[in-house]
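Next comes protein_16.pdb, with PDB, C-alpha atoms.
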```
ATOM      1  CA  MET W  23    -231.711  63.541-151.296  1.00  0.00           C
ATOM      2  CA  PRO W  24    -229.952  66.850-150.704  1.00  0.00           C
ATOM      3  CA  MET W  25    -230.869  69.695-148.393  1.00  0.00           C
ATOM      4  CA  THR W  26    -233.482  72.056-149.809  1.00  0.00           C
ATOM      5  CA  ILE W  27    -234.010  75.667-148.748  1.00  0.00           C
ATOM      6  CA  VAL W  28    -236.829  78.063-149.653  1.00  0.00           C
ATOM      7  CA  VAL W  29    -236.549  81.779-148.914  1.00  0.00           C
ATOM      8  CA  THR W  30    -239.692  83.901-149.132  1.00  0.00           C
ATOM      9  CA  ARG W  31    -240.372  87.625-148.984  1.00  0.00           C
ATOM     10  CA  ASP W  32    -243.793  89.303-148.763  1.00  0.00           C
ATOM     11  CA  VAL W  33    -245.726  86.184-149.759  1.00  0.00           C
ATOM     12  CA  PRO W  34    -249.361  85.516-148.818  1.00  0.00           C
ATOM     13  CA  GLY W  35    -250.079  83.653-145.583  1.00  0.00           C
ATOM     14  CA  ARG W  36    -251.326  80.706-147.611  1.00  0.00           C
ATOM     15  CA  THR W  37    -247.844  80.235-149.088  1.00  0.00           C
ATOM     16  CA  ARG W  38    -246.143  80.440-145.698  1.00  0.00           C
ATOM     17  CA  GLY W  39    -248.611  77.980-144.188  1.00  0.00           C
ATOM     18  CA  TYR W  40    -248.118  75.525-147.036  1.00  0.00           C
ATOM     19  CA  LEU W  41    -244.329  75.655-146.758  1.00  0.00           C
ATOM     20  CA  ALA W  42    -244.469  75.298-142.957  1.00  0.00           C
ATOM     21  CA  SER W  43    -246.554  72.136-143.427  1.00  0.00           C
ATOM     22  CA  VAL W  44    -243.861  70.425-145.521  1.00  0.00           C
ATOM     23  CA  MET W  45    -240.606  71.978-144.245  1.00  0.00           C
ATOM     24  CA  ALA W  46    -239.162  73.333-141.011  1.00  0.00           C
ATOM     25  CA  GLU W  47    -239.173  77.134-140.591  1.00  0.00           C
ATOM     26  CA  PRO W  48    -235.964  77.905-138.636  1.00  0.00           C
ATOM     27  CA  ALA W  49    -236.377  81.663-139.171  1.00  0.00           C
ATOM     28  CA  PRO W  50    -239.255  83.797-140.473  1.00  0.00           C
ATOM     29  CA  GLY W  51    -239.630  83.279-144.230  1.00  0.00           C
ATOM     30  CA  ILE W  52    -236.886  80.626-144.443  1.00  0.00           C
ATOM     31  CA  TYR W  53    -237.827  76.976-144.856  1.00  0.00           C
ATOM     32  CA  ALA W  54    -235.453  73.999-144.838  1.00  0.00           C
ATOM     33  CA  ALA W  55    -235.664  70.263-145.351  1.00  0.00           C
ATOM     34  CA  GLY W  56    -232.666  67.999-144.812  1.00  0.00           C
ATOM     35  CA  GLU W  57    -233.910  65.183-147.021  1.00  0.00           C
ATOM     36  CA  LEU W  58    -236.362  66.150-149.739  1.00  0.00           C
ATOM     37  CA  SER W  59    -236.647  64.023-152.859  1.00  0.00           C
ATOM     38  CA  LYS W  60    -236.517  65.566-156.317  1.00  0.00           C
ATOM     39  CA  GLY W  61    -240.153  64.640-156.928  1.00  0.00           C
ATOM     40  CA  VAL W  62    -241.373  66.322-153.745  1.00  0.00           C
ATOM     41  CA  ARG W  63    -239.224  69.397-154.466  1.00  0.00           C
ATOM     42  CA  GLU W  64    -240.726  69.631-157.969  1.00  0.00           C
ATOM     43  CA  ARG W  65    -244.292  69.322-156.629  1.00  0.00           C
ATOM     44  CA  ILE W  66    -243.637  72.036-154.044  1.00  0.00           C
ATOM     45  CA  TRP W  67    -242.199  74.295-156.765  1.00  0.00           C
ATOM     46  CA  ALA W  68    -245.177  73.641-159.073  1.00  0.00           C
ATOM     47  CA  THR W  69    -247.565  74.669-156.284  1.00  0.00           C
ATOM     48  CA  LEU W  70    -245.545  77.781-155.441  1.00  0.00           C
ATOM     49  CA  SER W  71    -245.341  78.736-159.133  1.00  0.00           C
ATOM     50  CA  ASP W  72    -249.098  78.371-159.623  1.00  0.00           C
ATOM     51  CA  TRP W  73    -249.919  80.389-156.513  1.00  0.00           C
ATOM     52  CA  HIS W  74    -247.409  83.097-157.378  1.00  0.00           C
ATOM     53  CA  ALA W  75    -248.797  83.387-160.911  1.00  0.00           C
ATOM     54  CA  ALA W  76    -252.280  83.845-159.435  1.00  0.00           C
ATOM     55  CA  SER W  77    -251.331  86.424-156.801  1.00  0.00           C
ATOM     56  CA  GLY W  78    -248.208  88.050-158.252  1.00  0.00           C
ATOM     57  CA  GLN W  79    -247.241  88.910-154.682  1.00  0.00           C
ATOM     58  CA  GLY W  80    -243.805  88.623-153.069  1.00  0.00           C
ATOM     59  CA  SER W  81    -240.837  86.527-154.064  1.00  0.00           C
ATOM     60  CA  VAL W  82    -239.655  82.955-153.567  1.00  0.00           C
ATOM     61  CA  VAL W  83    -236.200  81.449-154.051  1.00  0.00           C
ATOM     62  CA  LEU W  84    -235.640  77.672-154.000  1.00  0.00           C
ATOM     63  CA  LEU W  85    -232.104  76.311-153.478  1.00  0.00           C
ATOM     64  CA  TRP W  86    -230.797  72.747-153.447  1.00  0.00           C
ATOM     65  CA  ARG W  87    -227.542  70.875-153.988  1.00  0.00           C
ATOM     66  CA  ASP W  88    -227.198  69.835-157.621  1.00  0.00           C
ATOM     67  CA  ALA W  89    -223.805  68.501-158.722  1.00  0.00           C
ATOM     68  CA  ASP W  90    -224.778  68.916-162.396  1.00  0.00           C
ATOM     69  CA  ARG W  91    -225.240  72.697-162.166  1.00  0.00           C
ATOM     70  CA  PRO W  92    -222.672  75.487-161.973  1.00  0.00           C
ATOM     71  CA  GLY W  93    -221.314  75.830-158.471  1.00  0.00           C
ATOM     72  CA  GLY W  94    -223.156  72.631-157.481  1.00  0.00           C
ATOM     73  CA  LEU W  95    -226.241  74.681-156.648  1.00  0.00           C
ATOM     74  CA  GLY W  96    -229.718  74.517-158.172  1.00  0.00           C
ATOM     75  CA  ILE W  97    -231.659  77.768-157.956  1.00  0.00           C
ATOM     76  CA  LEU W  98    -235.199  78.692-159.005  1.00  0.00           C
ATOM     77  CA  ALA W  99    -236.764  82.096-158.350  1.00  0.00           C
ATOM     78  CA  LEU W 100    -240.145  83.791-158.619  1.00  0.00           C
ATOM     79  CA  GLY W 101    -241.122  87.371-158.003  1.00  0.00           C
ATOM     80  CA  THR W 102    -239.677  90.797-157.667  1.00  0.00           C
ATOM     81  CA  PRO W 103    -237.174  92.080-158.144  1.00  0.00           C
ATOM     82  CA  PRO W 104    -236.441  89.657-160.982  1.00  0.00           C
ATOM     83  CA  ARG W 105    -233.033  88.044-160.790  1.00  0.00           C
ATOM     84  CA  ARG W 106    -230.890  86.667-163.563  1.00  0.00           C
ATOM     85  CA  LEU W 107    -228.061  84.318-162.665  1.00  0.00           C
ATOM     86  CA  ALA W 108    -224.864  83.835-164.631  1.00  0.00           C
ATOM     87  CA  ASP W 109    -222.177  81.178-164.421  1.00  0.00           C
ATOM     88  CA  LEU W 110    -218.725  82.746-164.108  1.00  0.00           C
ATOM     89  CA  ASP W 111    -216.217  79.905-164.199  1.00  0.00           C
ATOM     90  CA  GLY W 112    -218.394  77.645-162.040  1.00  0.00           C
ATOM     91  CA  VAL W 113    -219.568  80.337-159.640  1.00  0.00           C
ATOM     92  CA  LEU W 114    -223.146  81.568-159.778  1.00  0.00           C
ATOM     93  CA  VAL W 115    -223.532  85.341-159.591  1.00  0.00           C
ATOM     94  CA  SER W 116    -226.581  87.578-159.732  1.00  0.00           C
ATOM     95  CA  VAL W 117    -226.713  89.866-162.757  1.00  0.00           C
ATOM     96  CA  TRP W 118    -228.925  92.972-162.598  1.00  0.00           C
TER
END
```

What do you get writing this file as structure tokens?
Amino acid sequence: MPMTIVVTRDVPGRTRGYLASVMAEPAPGIYAAGELSKGVRERIWATLSDWHAASGQGSVVLLWRDADRPGGLGILALGTPPRRLADLDGVLVSVW
């Protein structure tokens, strides 16, 4: 169960409250959990995706350790500005 981090920007209070109820908030808009199972992470992401689709407000980035992905990092993102990630020889970079 790897560390999971969620970074938010300009999201509704409902989203921040939900994340604070399941993860620690060490800094405003940043949420972390040292041991979060894949199933819990997927349920959190499903909730965030549904709420974001309904409101269209802000952005959310979810990061976790994933040895099967480039750079060993799993990344999911919602919101603006849209980001596209590319694998350059095992290193993830943001492509505009």

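Minimum atom-to-atom distances from W:Arg31, W:His74, W:Arg87, W:Arg65 to Tyr53 in chain W were compared using all atoms listed in the file, and the lowest value belongs to W:Arg31.
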
May I ask for the distance between CA of Leu98 in chain W and CA of Val83 in chain W, given in Å to one decimal place?
5.8 Å

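Distances to Ile97 in chain W were evaluated for W:Leu58, W:Ala76, W:Ala46, W:Arg63 using all atoms listed in the file, and the minimum falls at W:Arg63.
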
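The closest residue to Leu100 in chain W, picked from W:Ala42, W:Val28, W:Ala55, W:Val115 and counting all atoms listed in the file, is W:Val28.
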
So what does the PyMOL selection byres ((chain W and resi 80) around 6) actually pick up in this one, as a ChimeraX atom specification?
/W:31-33,79,81,101

Please expand the PyMOL selection byres ((chain W and resi 41) around 12) into the concrete residues it hits in this file, giving the result as a ChimeraX atom specification.
/W:26-30,33-40,42-48,50-55,63,65-67,69-70,82,84

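Separating CA of Val113 in chain W from CA of Pro92 in chain W is a distance of 6.2 Å.
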
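CA of Trp86 in chain W to CA of Glu64 in chain W spans 11.3 Å [interatomic distance, one decimal].
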
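For Gly112 in chain W, the non-local neighbours within 10 Å, defined as residues at least 4 positions apart in the same chain or in other chains and counting all atoms listed in the file, are W:Arg91, W:Pro92, W:Gly93, W:Gly94, W:Leu95, W:Ala108.
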
Just checking: using only C-alpha atoms, which residue out of W:Val62, W:Thr102, W:Gly96, W:Glu57 ends up closest to Gly78 in chain W?
W:Thr102

Taking into account all atoms listed in the file, which residue in the set W:Lys60, W:Ala75, W:Leu85, W:Ala68 is nearest to Ala99 in chain W?
W:Leu85

N, CA and C atoms restored at range 24-55 of chain W, emitted as a short mmCIF file (atom, residue, chain, number, x, y, z; two decimals), in the frame of the given file:
```
data_model
loop_
_atom_site.label_atom_id
_atom_site.label_comp_id
_atom_site.auth_asym_id
_atom_site.auth_seq_id
_atom_site.Cartn_x
_atom_site.Cartn_y
_atom_site.Cartn_z
N PRO W 24 -230.68 65.74 -151.30
CA PRO W 24 -229.95 66.85 -150.70
C PRO W 24 -230.85 67.81 -149.94
N MET W 25 -230.19 68.63 -149.13
CA MET W 25 -230.87 69.69 -148.39
C MET W 25 -231.55 70.65 -149.37
N THR W 26 -232.72 71.09 -149.01
CA THR W 26 -233.48 72.06 -149.81
C THR W 26 -233.84 73.24 -148.92
N ILE W 27 -233.70 74.44 -149.49
CA ILE W 27 -234.01 75.67 -148.75
C ILE W 27 -234.93 76.53 -149.60
N VAL W 28 -235.94 77.11 -148.99
CA VAL W 28 -236.83 78.06 -149.65
C VAL W 28 -236.79 79.36 -148.85
N VAL W 29 -236.55 80.46 -149.55
CA VAL W 29 -236.55 81.78 -148.91
C VAL W 29 -237.70 82.58 -149.51
N THR W 30 -238.54 83.14 -148.66
CA THR W 30 -239.69 83.90 -149.13
C THR W 30 -239.61 85.34 -148.64
N ARG W 31 -240.27 86.22 -149.39
CA ARG W 31 -240.37 87.62 -148.98
C ARG W 31 -241.73 88.14 -149.43
N ASP W 32 -242.49 88.68 -148.48
CA ASP W 32 -243.79 89.30 -148.76
C ASP W 32 -244.76 88.39 -149.50
N VAL W 33 -244.80 87.11 -149.12
CA VAL W 33 -245.73 86.18 -149.76
C VAL W 33 -247.01 86.10 -148.94
N PRO W 34 -248.10 85.67 -149.56
CA PRO W 34 -249.36 85.52 -148.82
C PRO W 34 -249.24 84.48 -147.70
N GLY W 35 -250.08 84.60 -146.69
CA GLY W 35 -250.08 83.65 -145.58
C GLY W 35 -250.29 82.22 -146.03
N ARG W 36 -251.06 82.04 -147.07
CA ARG W 36 -251.33 80.71 -147.61
C ARG W 36 -250.01 80.03 -148.01
N THR W 37 -249.13 80.78 -148.65
CA THR W 37 -247.84 80.24 -149.09
C THR W 37 -246.99 79.86 -147.89
N ARG W 38 -246.93 80.72 -146.90
CA ARG W 38 -246.14 80.44 -145.70
C ARG W 38 -246.69 79.23 -144.96
N GLY W 39 -248.00 79.13 -144.86
CA GLY W 39 -248.61 77.98 -144.19
C GLY W 39 -248.31 76.68 -144.91
N TYR W 40 -248.40 76.71 -146.23
CA TYR W 40 -248.12 75.53 -147.04
C TYR W 40 -246.68 75.08 -146.82
N LEU W 41 -245.74 76.01 -146.93
CA LEU W 41 -244.33 75.66 -146.76
C LEU W 41 -244.06 75.13 -145.35
N ALA W 42 -244.67 75.75 -144.34
CA ALA W 42 -244.47 75.30 -142.96
C ALA W 42 -245.04 73.90 -142.73
N SER W 43 -245.98 73.47 -143.58
CA SER W 43 -246.55 72.14 -143.43
C SER W 43 -245.67 71.05 -144.03
N VAL W 44 -244.72 71.43 -144.88
CA VAL W 44 -243.86 70.42 -145.52
C VAL W 44 -242.38 70.59 -145.18
N MET W 45 -242.01 71.71 -144.57
CA MET W 45 -240.61 71.98 -144.24
C MET W 45 -240.53 72.68 -142.90
N ALA W 46 -239.38 72.60 -142.26
CA ALA W 46 -239.16 73.33 -141.01
C ALA W 46 -238.94 74.81 -141.33
N GLU W 47 -239.37 75.70 -140.42
CA GLU W 47 -239.17 77.13 -140.59
C GLU W 47 -238.24 77.63 -139.48
N PRO W 48 -236.90 77.52 -139.69
CA PRO W 48 -235.96 77.90 -138.64
C PRO W 48 -235.89 79.41 -138.36
N ALA W 49 -236.31 80.21 -139.32
CA ALA W 49 -236.38 81.66 -139.17
C ALA W 49 -237.54 82.15 -140.02
N PRO W 50 -238.11 83.31 -139.70
CA PRO W 50 -239.26 83.80 -140.47
C PRO W 50 -238.94 83.89 -141.98
N GLY W 51 -239.77 83.22 -142.78
CA GLY W 51 -239.63 83.28 -144.23
C GLY W 51 -238.57 82.37 -144.81
N ILE W 52 -237.91 81.56 -143.96
CA ILE W 52 -236.89 80.63 -144.44
C ILE W 52 -237.32 79.22 -144.06
N TYR W 53 -237.36 78.34 -145.05
CA TYR W 53 -237.83 76.98 -144.86
C TYR W 53 -236.73 76.02 -145.29
N ALA W 54 -236.53 74.94 -144.53
CA ALA W 54 -235.45 74.00 -144.84
C ALA W 54 -235.91 72.56 -144.63
N ALA W 55 -235.41 71.69 -145.49
CA ALA W 55 -235.66 70.26 -145.35
C ALA W 55 -234.35 69.54 -145.63
#
```
